[in-house]
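This report concerns only the one structure given below.
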Amino acid sequence: MIQLFGSPSFNFIGRRRLAYLLSAVLMVIGLGTLAVRGLRYDIDFTGGTLVQVRFEQPPSVATIRAGLARIQLGESIIQEFGDEREYIVRLPLTTTSPEELTKRITTGLAQEAGLGEFEIRRIEFVGPQVGRDLQLQALYAVLFGMVGILIYIAWAFKSLKGGVAAVVAVVHDIVICLGALSITGREFSLPVLAALLTIIGYSVNDTIVAYDRLRENRGKYSQKGKSFAEQLNDAINQTLSRTVLTALTTFMSATILLVFGGKVLEDFAFVLAVGVVTGTYSTIYIAGAIIVDWTYGVEDRAARRKKAVAKA
Amino acid sequence: MPRRLWARAGLVALVLAVSIWYLYPLRETINLGLDLQGGIHLMLGVEVDKYVAAQVERTADDLENGLERKGVAVKRVARDGLSTIVVELASATNWNDALTVAAEFGSFEVGERDDKAGRFTLVMQERQVAQLRDDAVRQAVETIRNRVDQFGVAEPTIARQGGDRILIQLPGVQDPDRAKALIGKTALLEFRLLDARTPVEQALAGRVPESSEVIYQRRVDRETKTESRQPYVVQKRTLLTGGELTRAEVQADPNAPGNWQVAIEFTATGARVFGDVTEQNVGGHLAIILDGNLYSAPRINERIPGGRAVITGQFTVEEARDLAIVLRAGALPAPVAILEERTVGPSLGADSIRQGIIAILGSGIVVFIFMLFYYRLSGLIADVALVLNLVILLACMAAFGATLTLPGIAGIALTIGMAVDTNVLIFERIREELRVGKTPRAAIDAGFHRALRTVIDTHLTVMVTAAILYNFGTGPVKGFAVSLFVGLAASLFTAYFFTRLLFDVLYMGRRKLQAISI
């Protein structure tokens with residue numbers, strides 16, 4: 001039998017101050033990058049036109065730009081996409097209709113001698129209203145996703161604290177994922193949104209496994225006389241093999257998507273890979289730690305109040 | 001095997017059989033999304049307020065006629081804002097008569113009134129405005145569906161999406177310009193008379209009579225691609241519209257070889273009007289106007305009975321065919337605007353499929369090997385469950401007619417990762433029970449039993465997220481949500497129920513179970 005851990009008894013909860021520090025640093029970096037560099041939104045969210053062109057011979061960005069400059073579109077964003085023969089041209093929202101734009105791009109590129117044959121493989125046009133609607137939808141989807149989780153946990157475990165702690169862990173993961181997106185200069189697109197929502201589900205999934213174990217252990221003989229922190233620590237240790245194994249398999253799936261899934265899936269897989277790591281970490285250190293400190297905080301205050309009453 | 005076991009095995013066999021039945025033959029049962037097979041995705045916004053405004057204007061005309069019939073002299077009856085009609089009487093003496101006439105327009109209410117000045121407003125009821133907006137979108141969907149059907153696209157999607165939007169997906173269509181021209185054309189065909197009394201030069205100088213306007217005839221030279229515009233002065237009054245058409249066919253233009261024309265035929269009413277109009281205006285010119293563009297203005301030589309006419313305009317055969325389609329399918333109630341457009345070429349779609357399949361196979365194989373390596377025979381059981389999961393997932397998508405998109409493939413890849421989680425959870429639990437000294441059989445029982453609650457909890461939460469995704473997402477995100485949701489539901493069945501069955505079949509029959517391979 002191959003085993004990752006026999007009967008692990010790591011003191012996770014005991015080291016939570018260190019974890020708070022690490023998380024705080026990561027969050028500051030994430031939020032800082034988001035504040036300074038911001039998120040680059042895909043045209044799905046901003047509106048605009050995207051044209052994907054595949055050339056017979058690998059062109060240089062300068063030649064493409066020269067071709068577009070002929071039709072006064074030299075300022076467009078030109079990006080290599082997938083391989084050196086494939087390019088994406090992004091145009092901001094204009095009053096020109098998409099078909100007119102495409103026609104102009106085709107003529108502009110055809111006139112540039114150095115480019116050779118090319119094929120227009122994809123045209124996307126998103127109007128301003130649709131983009132704005134989608135931004136709102138994305139926000140709602142994330143918010144409602146978290147509310148849904150909060151309600152489910154609060155109901156299934158009869159613990160509001162657990163629900164809140166799980167949601168805090170999710171927010172933590174989202175901030176780090178968005179920060180990673182911003183640092184690597186990737187775009188916030190629809191697939192990225194889908195990945196973020198998956199991470200919400202994943203992160204919560206992990207947290208629930210630990211909570212479930214905690215609930216099951218309570219009232220057991222072996223747990224008598226143990227503090228809440230110790231009980232939670234036990235639960236995390238008991239589920240540790242599963243947590244790590246699942247994280248490994250999901251991380252492998254995500255990495256394979258990242259490497260082989262093609263350019264379209266790349267950003268999606270990237271967020272997933274980052275999210276799996278932080279989701280696993282946050283289950284142990286954020287969701288678990290918060291619930292412990294919260295419980296102790298409440299008990300402390302109750303004890304102090306009792307003392308105050310006794311003195312009086 | 002005990003009877004319960006047979007029943008469970010039967011259920012699994014049934015599910016498998018139904019799945020395969022839905023999936024066969026694979027190439028026809030799974031709908032590929034536009035991103036995978038190429039095609040056009042359009043989101044149209046219907047300019048519903050233009051429809052409301054047009055209806056209000058028509059009512060204003062009716063009202064004016066009604067007032068005149070009653071002998072009420074009016075200074076002005078006109079639309080003001082979206083849904084308000086301003087009525088100004090020549091004098092306040094007929095005030096009561098005017099109000100009586102106005103009261104006949106049931107969906108309007110009197111707003112402001114000033115009986116001294118002889119001025120009042122009629123406001124359309126909010127309910128009626130909402131109804132008209134709804135009608136406009138409904139009619140637009142019908143008309144567009146009609147046009148697309150006649151254009152001949154396999155499995156198009158034409159669906160209303162919230163309020164005033166229409167989603168159109170045309171798989172396999174490769175000429176976006178033509179498709180858009182066909183779908184987006186308002187196709188308002190009008191027959192009007194040229195205004196012979198106003199010279200074009202005078203009209204261009206800005207002196208156009210109230211009852212006329214300047215309309216251009218645009219022509220694009222097919223060789224040089226240059227556009228020419230010729231102005232005409234046309235009376236504003238529309239004598240006949242495309243609404244009175246019964247037939248529209250493509251014909252070769254006998255006068256210009258290589259050009260095509262559209263022959264039209266009117267309904268009985270339309271034919272009578274057409275006959276009368278041509279009779280009364282012999283020697284005049286009849287302008288044929290489509291969406292504000294003048295196509296031709298032939299001279300009326302004599303009364304034209306029988307209600308037949310041709311529209312010429314140096315059309316290519318494709319242009320003529322598309323024009324005939326839009327004329328037959330009818331005009332859109334209001335103009336539409338393209339809000340979103342995505343065109344994917346077939347070669348890109350093929351690339352996406354290939355990469356998606358490589359990725360999904362890759363992640364599948366890695367997970368397979370990992371499970372086999374880590375859990376041995378039990379890992380093999382989990383792998384078999386995984387295959388069943390994929391079969392059920394694909395079968396469900398085929399049964400619902402769901403579309404497999406690229407994010408959908410990603411969702412499947414993710415499902416593989418998550419379905420394994422359930423088995424890992426159970427197996428780890430069994431190992432734990434074995435460690436505390438339980439017999440293998442008791443350990444299997446306890447492991448499955450104790451893991452159940454967790455399995456359900458984890459599946460439900462992620463399914464909640466998937467459902468929310470589905471509700472708030474559009475196109476590609478929806479595809480992802482569908483495959484994630486269905487995949488998780490299937491995983492509840494395969495990773496728990498089916499795995500348990502295999503364990504029972506393998507181990508329960510034996511008298512003395514010494515060890516299990518986990």
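Ordered as shown in the structure tokens, chains take letters A, B, and onward, while each chain numbers its residues from 1 and ligands are numbered from 1 in the order shown.
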List every residue of chain A that has an atom at most 7 Å from any atom of chain B, and for each one report the closest atom pair and its distance in Å to one decimal, counting only C-alpha atoms, with rows sorted by chain and then by increasing residue number, as JSON lines.
{"residue": "A:Met1", "atom": "CA", "partner": "B:Ile518", "partner_atom": "CA", "distance": 6.9}
{"residue": "A:Ile2", "atom": "CA", "partner": "B:Tyr374", "partner_atom": "CA", "distance": 5.9}
{"residue": "A:Glu99", "atom": "CA", "partner": "B:Asp177", "partner_atom": "CA", "distance": 6.5}
{"residue": "A:Arg121", "atom": "CA", "partner": "B:Gly345", "partner_atom": "CA", "distance": 4.6}
{"residue": "A:Arg122", "atom": "CA", "partner": "B:Val344", "partner_atom": "CA", "distance": 4.4}
{"residue": "A:Ile123", "atom": "CA", "partner": "B:Thr343", "partner_atom": "CA", "distance": 4.9}
{"residue": "A:Glu124", "atom": "CA", "partner": "B:Arg342", "partner_atom": "CA", "distance": 4.0}
{"residue": "A:Phe125", "atom": "CA", "partner": "B:Glu341", "partner_atom": "CA", "distance": 4.6}
{"residue": "A:Val126", "atom": "CA", "partner": "B:Glu340", "partner_atom": "CA", "distance": 4.2}
{"residue": "A:Gly127", "atom": "CA", "partner": "B:Leu339", "partner_atom": "CA", "distance": 4.6}
{"residue": "A:Val130", "atom": "CA", "partner": "B:Leu339", "partner_atom": "CA", "distance": 6.5}
{"residue": "A:Gln137", "atom": "CA", "partner": "B:Phe472", "partner_atom": "CA", "distance": 5.7}
{"residue": "A:Ala141", "atom": "CA", "partner": "B:Phe472", "partner_atom": "CA", "distance": 5.7}
{"residue": "A:Gly145", "atom": "CA", "partner": "B:Thr465", "partner_atom": "CA", "distance": 5.4}
{"residue": "A:Gly148", "atom": "CA", "partner": "B:Val464", "partner_atom": "CA", "distance": 6.9}
{"residue": "A:Ile149", "atom": "CA", "partner": "B:Thr461", "partner_atom": "CA", "distance": 6.5}
{"residue": "A:Leu190", "atom": "CA", "partner": "B:Val477", "partner_atom": "CA", "distance": 6.7}
{"residue": "A:Pro191", "atom": "CA", "partner": "B:Pro407", "partner_atom": "CA", "distance": 6.7}
{"residue": "A:Ala194", "atom": "CA", "partner": "B:Val477", "partner_atom": "CA", "distance": 6.0}
{"residue": "A:Gly201", "atom": "CA", "partner": "B:Val462", "partner_atom": "CA", "distance": 4.7}
{"residue": "A:Asn205", "atom": "CA", "partner": "B:Thr458", "partner_atom": "CA", "distance": 4.9}
{"residue": "A:Ile208", "atom": "CA", "partner": "B:Thr458", "partner_atom": "CA", "distance": 6.5}
{"residue": "A:Val209", "atom": "CA", "partner": "B:Thr454", "partner_atom": "CA", "distance": 5.9}
{"residue": "A:Asp212", "atom": "CA", "partner": "B:Thr454", "partner_atom": "CA", "distance": 6.1}
{"residue": "A:Arg242", "atom": "CA", "partner": "B:Leu425", "partner_atom": "CA", "distance": 5.6}
{"residue": "A:Thr246", "atom": "CA", "partner": "B:Asp421", "partner_atom": "CA", "distance": 5.3}
{"residue": "A:Thr249", "atom": "CA", "partner": "B:Gly417", "partner_atom": "CA", "distance": 5.8}
{"residue": "A:Thr250", "atom": "CA", "partner": "B:Gly417", "partner_atom": "CA", "distance": 4.8}
{"residue": "A:Met252", "atom": "CA", "partner": "B:Ser363", "partner_atom": "CA", "distance": 6.9}
{"residue": "A:Ser253", "atom": "CA", "partner": "B:Ser363", "partner_atom": "CA", "distance": 4.7}
{"residue": "A:Ile256", "atom": "CA", "partner": "B:Ser363", "partner_atom": "CA", "distance": 5.8}
{"residue": "A:Leu257", "atom": "CA", "partner": "B:Ala359", "partner_atom": "CA", "distance": 5.2}
{"residue": "A:Phe260", "atom": "CA", "partner": "B:Ala359", "partner_atom": "CA", "distance": 5.2}
{"residue": "A:Gly261", "atom": "CA", "partner": "B:Ala359", "partner_atom": "CA", "distance": 5.0}
{"residue": "A:Gly262", "atom": "CA", "partner": "B:Gln355", "partner_atom": "CA", "distance": 5.7}
Alpha helix (DSSP H) positions in region 92-144 of chain B, given as a ChimeraX atom specification:
/B:95-103,126-144
Find the residues around Gly111 (chain B) up to 8 Å (only C-alpha atoms counted), leave out those fewer than 6 positions away in its own chain, and share them as a ChimeraX atom specification.
/B:120-123
Run DSSP on the backbone and grab whatever in region 340-396 of chain B lands in strand (DSSP E or B); send it over as a list in words.
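Put together, the selection reads Glu340, Glu341, Arg342, Thr343 and Val344 of chain B.
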Output of the above residues as a short mmCIF file (atom, residue, chain, number, x, y, z; two decimals), in the first residue's frame, restricted to C-alpha atoms:
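Dumped to again_4.cif:
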data_model
loop_
_atom_site.label_atom_id
_atom_site.label_comp_id
_atom_site.auth_asym_id
_atom_site.auth_seq_id
_atom_site.Cartn_x
_atom_site.Cartn_y
_atom_site.Cartn_z
CA GLU B 340 -22.67 40.91 -30.38
CA GLU B 341 -21.24 38.89 -33.19
CA ARG B 342 -18.89 35.94 -33.20
CA THR B 343 -17.79 34.15 -36.30
CA VAL B 344 -15.61 31.09 -36.06
#
Counting only C-alpha atoms, what is within 10 Å of Ala54 (chain B), bar same-chain residues fewer than 4 positions away, as a count of residues only?
11
Which one is closest to Val173 (chain B): B:Glu319, B:Glu155, B:Glu223, B:Glu28? Count only C-alpha atoms.
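Among the listed residues, the smallest separation from Val173 (chain B) belongs to B:Glu155.
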Neighbouring residues of Val292 (chain A) were defined as those with any atom within 7 Å, considering only C-alpha atoms; residues of the same chain fewer than 4 positions away were excluded. Please report them as a list in words.
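So, after excluding close chain neighbours, the residues are Phe228, Ala229, Gly288 and Tyr296 of chain A.
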Those same residues - C-alpha atoms - I'd like them written as a PDB file, in the first residue's frame.
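Printed below is result33.pdb as written:
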ATOM      1  CA  PHE A 228     -11.825  23.043  19.864  1.00  0.00           C
ATOM      2  CA  ALA A 229      -8.533  23.873  18.144  1.00  0.00           C
ATOM      3  CA  GLY A 288     -10.066  26.361   9.814  1.00  0.00           C
ATOM      4  CA  TYR A 296     -12.153  31.481  21.108  1.00  0.00           C
TER       5      TYR A 296
END
Distance criterion (only C-alpha atoms): nearest to Gln231 (chain A) out of A:Phe5, A:Phe12, A:Tyr20, A:Trp155
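Answer, going by the shortest atom-to-atom distance: A:Phe12.
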Mind checking which residues fall within 9 Å of Gly292 (chain B), counting only C-alpha atoms, ignoring those fewer than 3 positions away in the same chain, and posting them as a PyMOL selection string?
chain B and resi 188-190+215-216+289
Which residue, A:Ala254, A:Val175, A:Leu232, A:Leu245, has the smallest gap to Ile284 (chain A) when you use only C-alpha atoms?
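Closest residue, counting only C-alpha atoms: A:Leu232.
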Which polymer residues have any atom within 10 Å of an atom of Ile105 (chain A), counting only C-alpha atoms, with same-chain residues fewer than 4 positions away left out, as a short mmCIF file (atom, residue, chain, number, x, y, z; two decimals) with C-alpha atoms, in the first residue's frame?
data_model
loop_
_atom_site.label_atom_id
_atom_site.label_comp_id
_atom_site.auth_asym_id
_atom_site.auth_seq_id
_atom_site.Cartn_x
_atom_site.Cartn_y
_atom_site.Cartn_z
CA VAL A 51 -10.20 39.47 -35.36
CA GLY A 67 -0.81 46.82 -42.92
CA LEU A 68 -3.30 48.05 -40.34
CA ALA A 69 -1.77 51.55 -40.40
CA ARG A 70 -2.87 51.81 -44.04
CA ILE A 71 -6.43 51.81 -42.85
CA GLN A 72 -5.76 54.02 -39.80
CA LEU A 73 -5.90 51.10 -37.40
CA VAL A 89 -6.08 42.00 -33.54
CA GLU A 99 -18.48 43.97 -41.17
CA GLU A 100 -17.06 47.28 -42.36
CA LEU A 101 -14.11 46.86 -39.97
CA LEU A 109 -3.57 43.32 -44.70
CA ALA A 110 -3.88 42.22 -48.34
CA GLN A 111 -2.14 45.39 -49.49
CA ILE A 120 -9.59 35.21 -41.11
#
Would you work out the distance separating CA of Thr499 (chain B) from CA of Ile412 (chain B), expressed in Å to one decimal?
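Computed distance, CA of Thr499 (chain B) to CA of Ile412 (chain B), equals 19.8 Å.
One finds CA of Leu197 (chain A) at 13.2 Å from CA of Ala273 (chain A).
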With distances taken over only C-alpha atoms, which residue among A:Gly114, A:Val271, A:Gly162, A:Ala66 lies nearest Ile290 (chain A)?
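Using only C-alpha atoms, the shortest distance to Ile290 (chain A) belongs to A:Gly162.
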